[in-house]
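A short write-up of the structure that comes next.
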Amino acid sequence: MAFTLQLGETAPDFELRATNGNTYRLSDFTEDTLVVFFTCNHCPFVIGSDEVTRRSAEQFQERGVRFIAINSNSQQTHASDSFEGMVERMEKQRFPWLYLRDQSQSVAKAYGALRTPHFFVFNKERALVYTGRALDNPREPEKATANDLEQALDQHLAGETISQPLTNPIGCNVKWNGEDPHWMPADACDLV
């Protein structure tokens, strides 16, 4: 059995609290295209690519795409990944997406989130049409040569077949509470 969601599979449901104080389920989002991405507060790959992700979210929001961020990282590993840290980050950064807390890590496990950031794009039927990275160099976006997420969204919205629907996410691994279901060291934050 694969440990990450496969192309064509349906988005797992969730019920998670956002930094705005509200709780959301998958069914609360009615947009034709939904981008669910796993992120956190401290990862240098996330922080490095924040502004590119912001621009993508703003650009595609105008075309009917909704971005939803989920933080599943254990605050035992990084205290800054607490819900309070998320609220503080959103108040400071004012990102154009909802920021949800997956305290139990069950949503990250259901989606098979591998790294931060890790993007999952779903169509109107909530079938997975793209998964992987946004930038090919999220830590140093000025050195990036491709934005695979934007390419996939452009092709999807144009009704075209996505030419590269699967890429390797680049970033820190998700910080698990105890046993890591992806068999990586709990403190790994590497370049692949």
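Every chain in the structure tokens has a letter given in the order shown (A, B, ...), and although residue numbers restart at 1 in each chain, ligands are simply numbered from 1 in the order shown.
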
Where does range 29-134 of chain A meet range 138-162 of chain A within 12 Å, residue by residue, with the nearest atom pair and distance in Å to one decimal for each, counting only C-alpha atoms, listed by chain and rising number, as a tab-separated table?
```
residue	atom	partner	partner_atom	distance
A:Asp32	CA	A:Leu157	CA	9.5
A:Thr33	CA	A:Leu157	CA	8.4
A:Leu34	CA	A:Leu153	CA	10.1
A:Val35	CA	A:Leu153	CA	9.3
A:Val36	CA	A:Leu149	CA	11.6
A:Phe37	CA	A:Leu149	CA	10.9
A:Cys43	CA	A:Arg139	CA	9.1
A:Pro44	CA	A:Arg139	CA	6.0
A:Phe45	CA	A:Arg139	CA	4.2
A:Val46	CA	A:Pro138	CA	7.0
A:Ile47	CA	A:Arg139	CA	7.5
A:Gly48	CA	A:Arg139	CA	4.6
A:Ser49	CA	A:Pro138	CA	4.9
A:Asp50	CA	A:Pro138	CA	8.7
A:Glu51	CA	A:Pro141	CA	9.2
A:Val52	CA	A:Pro141	CA	7.7
A:Thr53	CA	A:Leu149	CA	9.5
A:Arg54	CA	A:Glu150	CA	11.9
A:Arg55	CA	A:Glu150	CA	10.2
A:Ser56	CA	A:Glu150	CA	6.9
A:Ala57	CA	A:Glu150	CA	9.6
A:Glu58	CA	A:Glu150	CA	11.7
A:Gln59	CA	A:Glu150	CA	9.6
A:Phe60	CA	A:Leu153	CA	8.0
A:Gln61	CA	A:Leu153	CA	11.1
A:Glu62	CA	A:Leu157	CA	11.8
A:Arg63	CA	A:Leu157	CA	8.2
A:Gly64	CA	A:Leu157	CA	9.2
A:Val65	CA	A:Leu153	CA	8.7
A:Arg66	CA	A:Leu153	CA	11.4
A:Phe67	CA	A:Leu153	CA	11.7
A:Arg115	CA	A:Pro138	CA	11.8
A:Thr116	CA	A:Pro138	CA	10.0
A:Pro117	CA	A:Pro138	CA	8.6
A:His118	CA	A:Leu149	CA	10.3
A:Phe119	CA	A:Leu149	CA	7.7
A:Phe120	CA	A:Leu149	CA	9.1
A:Val121	CA	A:Leu153	CA	8.0
A:Phe122	CA	A:His156	CA	9.9
A:Asn123	CA	A:His156	CA	8.4
A:Lys124	CA	A:His156	CA	11.0
A:Leu128	CA	A:His156	CA	11.4
A:Val129	CA	A:Ile162	CA	7.7
A:Tyr130	CA	A:Ala152	CA	6.8
A:Thr131	CA	A:Leu149	CA	8.2
A:Gly132	CA	A:Leu149	CA	7.8
A:Arg133	CA	A:Leu149	CA	6.5
A:Ala134	CA	A:Leu149	CA	4.4
```

For the selection you just gave me, I'd like the residues written to a file as a CSV table (one decimal), in the first residue's frame, keeping N, CA and C atoms.
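Wrote result-v2.csv, looks like this:
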```
chain,number,residue,atom,x,y,z
A,32,ASP,N,-14.0,25.0,-7.8
A,32,ASP,CA,-13.8,23.9,-8.7
A,32,ASP,C,-12.4,23.3,-8.5
A,33,THR,N,-11.4,24.1,-8.1
A,33,THR,CA,-10.1,23.5,-7.9
A,33,THR,C,-9.6,23.9,-6.5
A,34,LEU,N,-9.1,22.9,-5.8
A,34,LEU,CA,-8.6,23.1,-4.4
A,34,LEU,C,-7.2,22.7,-4.3
A,35,VAL,N,-6.3,23.6,-3.7
A,35,VAL,CA,-4.9,23.3,-3.4
A,35,VAL,C,-4.8,23.1,-1.9
A,36,VAL,N,-4.5,21.9,-1.5
A,36,VAL,CA,-4.2,21.6,-0.1
A,36,VAL,C,-2.7,21.5,0.1
A,37,PHE,N,-2.1,22.3,0.9
A,37,PHE,CA,-0.7,22.1,1.1
A,37,PHE,C,-0.3,22.1,2.6
A,43,CYS,N,10.1,25.9,9.0
A,43,CYS,CA,10.9,25.3,7.9
A,43,CYS,C,11.5,26.3,7.0
A,44,PRO,N,12.9,26.2,6.7
A,44,PRO,CA,13.5,27.2,5.8
A,44,PRO,C,13.0,27.1,4.4
A,45,PHE,N,12.5,25.9,4.0
A,45,PHE,CA,12.0,25.8,2.6
A,45,PHE,C,10.6,26.5,2.5
A,46,VAL,N,9.8,26.4,3.6
A,46,VAL,CA,8.5,27.1,3.6
A,46,VAL,C,8.8,28.6,3.7
A,47,ILE,N,9.6,29.0,4.6
A,47,ILE,CA,9.8,30.5,4.7
A,47,ILE,C,10.5,31.1,3.5
A,48,GLY,N,11.4,30.3,2.9
A,48,GLY,CA,12.0,30.8,1.7
A,48,GLY,C,11.1,31.0,0.5
A,49,SER,N,10.0,30.2,0.4
A,49,SER,CA,9.1,30.2,-0.7
A,49,SER,C,7.8,30.9,-0.4
A,50,ASP,N,7.6,31.4,0.9
A,50,ASP,CA,6.3,32.0,1.3
A,50,ASP,C,5.8,33.0,0.3
A,51,GLU,N,6.6,33.9,-0.2
A,51,GLU,CA,6.1,35.0,-1.0
A,51,GLU,C,5.8,34.5,-2.4
A,52,VAL,N,6.4,33.5,-2.9
A,52,VAL,CA,6.1,32.9,-4.2
A,52,VAL,C,4.7,32.2,-4.0
A,53,THR,N,4.5,31.5,-2.9
A,53,THR,CA,3.3,30.8,-2.7
A,53,THR,C,2.2,31.8,-2.5
A,54,ARG,N,2.4,32.9,-1.9
A,54,ARG,CA,1.4,34.0,-1.7
A,54,ARG,C,1.0,34.5,-3.1
A,55,ARG,N,2.0,34.8,-4.0
A,55,ARG,CA,1.7,35.3,-5.3
A,55,ARG,C,0.8,34.3,-6.1
A,56,SER,N,1.2,33.0,-6.0
A,56,SER,CA,0.5,31.9,-6.7
A,56,SER,C,-1.0,31.9,-6.2
A,57,ALA,N,-1.1,31.9,-4.9
A,57,ALA,CA,-2.5,31.9,-4.3
A,57,ALA,C,-3.3,33.1,-4.7
A,58,GLU,N,-2.7,34.2,-4.7
A,58,GLU,CA,-3.5,35.4,-5.2
A,58,GLU,C,-3.8,35.4,-6.6
A,59,GLN,N,-2.9,35.0,-7.4
A,59,GLN,CA,-3.1,34.9,-8.9
A,59,GLN,C,-4.2,33.9,-9.2
A,60,PHE,N,-4.1,32.7,-8.6
A,60,PHE,CA,-5.1,31.7,-9.0
A,60,PHE,C,-6.4,31.8,-8.3
A,61,GLN,N,-6.4,32.5,-7.2
A,61,GLN,CA,-7.7,32.8,-6.5
A,61,GLN,C,-8.6,33.5,-7.5
A,62,GLU,N,-8.1,34.4,-8.3
A,62,GLU,CA,-8.9,35.2,-9.2
A,62,GLU,C,-9.4,34.3,-10.3
A,63,ARG,N,-8.9,33.1,-10.4
A,63,ARG,CA,-9.3,32.1,-11.4
A,63,ARG,C,-10.1,30.9,-10.8
A,64,GLY,N,-10.6,31.1,-9.5
A,64,GLY,CA,-11.4,30.2,-8.9
A,64,GLY,C,-10.8,29.1,-8.2
A,65,VAL,N,-9.5,29.2,-7.8
A,65,VAL,CA,-8.7,28.2,-7.1
A,65,VAL,C,-8.6,28.6,-5.6
A,66,ARG,N,-8.9,27.7,-4.7
A,66,ARG,CA,-8.8,27.9,-3.3
A,66,ARG,C,-7.5,27.2,-2.7
A,67,PHE,N,-6.7,28.0,-2.0
A,67,PHE,CA,-5.5,27.4,-1.3
A,67,PHE,C,-5.9,27.2,0.2
A,115,ARG,N,6.6,16.2,3.1
A,115,ARG,CA,7.5,17.3,3.4
A,115,ARG,C,6.8,18.6,3.6
A,116,THR,N,7.5,19.6,4.1
A,116,THR,CA,6.9,21.0,4.1
A,116,THR,C,7.8,21.9,3.3
A,117,PRO,N,7.2,22.4,2.2
A,117,PRO,CA,5.8,22.3,1.8
A,117,PRO,C,5.6,21.1,0.8
A,118,HIS,N,4.4,20.6,0.9
A,118,HIS,CA,3.9,19.5,0.0
A,118,HIS,C,2.5,19.9,-0.5
A,119,PHE,N,2.4,20.0,-1.8
A,119,PHE,CA,1.1,20.5,-2.4
A,119,PHE,C,0.3,19.4,-3.1
A,120,PHE,N,-1.0,19.4,-2.9
A,120,PHE,CA,-2.0,18.5,-3.5
A,120,PHE,C,-3.0,19.3,-4.2
A,121,VAL,N,-3.2,19.1,-5.5
A,121,VAL,CA,-4.2,19.8,-6.3
A,121,VAL,C,-5.4,18.9,-6.6
A,122,PHE,N,-6.6,19.3,-6.3
A,122,PHE,CA,-7.8,18.5,-6.5
A,122,PHE,C,-8.7,19.2,-7.5
A,123,ASN,N,-9.4,18.4,-8.4
A,123,ASN,CA,-10.4,19.0,-9.3
A,123,ASN,C,-11.7,19.1,-8.6
A,124,LYS,N,-12.7,19.5,-9.4
A,124,LYS,CA,-14.1,19.7,-8.9
A,124,LYS,C,-14.6,18.5,-8.2
A,128,LEU,N,-7.4,13.8,-7.1
A,128,LEU,CA,-6.0,14.4,-7.1
A,128,LEU,C,-5.5,14.4,-8.6
A,129,VAL,N,-5.1,15.7,-9.0
A,129,VAL,CA,-4.6,15.8,-10.4
A,129,VAL,C,-3.1,16.3,-10.4
A,130,TYR,N,-2.6,16.7,-9.2
A,130,TYR,CA,-1.2,17.1,-9.2
A,130,TYR,C,-0.8,16.9,-7.7
A,131,THR,N,0.5,16.5,-7.5
A,131,THR,CA,1.0,16.5,-6.2
A,131,THR,C,2.5,16.6,-6.3
A,132,GLY,N,3.1,17.3,-5.3
A,132,GLY,CA,4.5,17.5,-5.2
A,132,GLY,C,4.9,18.9,-4.8
A,133,ARG,N,5.9,19.5,-5.5
A,133,ARG,CA,6.4,20.8,-5.1
A,133,ARG,C,5.8,21.9,-5.9
A,134,ALA,N,6.1,23.1,-5.4
A,134,ALA,CA,5.8,24.3,-6.2
A,134,ALA,C,7.1,24.6,-7.0
```

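Taking only C-alpha atoms, the non-local environment of Asp102 in chain A within 8 Å (same-chain residues fewer than 2 positions away omitted) comprises Leu16, Arg17, Ile70, Asn71, Ser72, Asn73, Leu100, Ser104, Gln105, Ser106, Val107 and Ala108 of chain A.
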
Per-residue DSSP, chain A, filtered to strand (DSSP E), as number ranges by chain: A: 15-18, 23-25, 33-39, 65-71, 98-101, 115-116, 118-122, 128-132, 172-173

Between A:Asn41, A:Thr4, A:Thr30, A:Asn177, which residue has the minimum interatomic distance to Gly85 in chain A, considering only C-alpha atoms? A:Asn41

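The smallest atom-to-atom distance between Tyr24 in chain A and any of A:Met90, A:Leu98, A:His42, A:Phe83, using only C-alpha atoms, is found for A:Leu98.
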
May I ask which of the residues A:Thr39, A:Asn137, A:Ser74, A:Ser163 is the closest one to Leu114 in chain A, counting only C-alpha atoms? A:Thr39

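CA of Pro169 in chain A lies 8.6 Å from CA of Asp136 in chain A.
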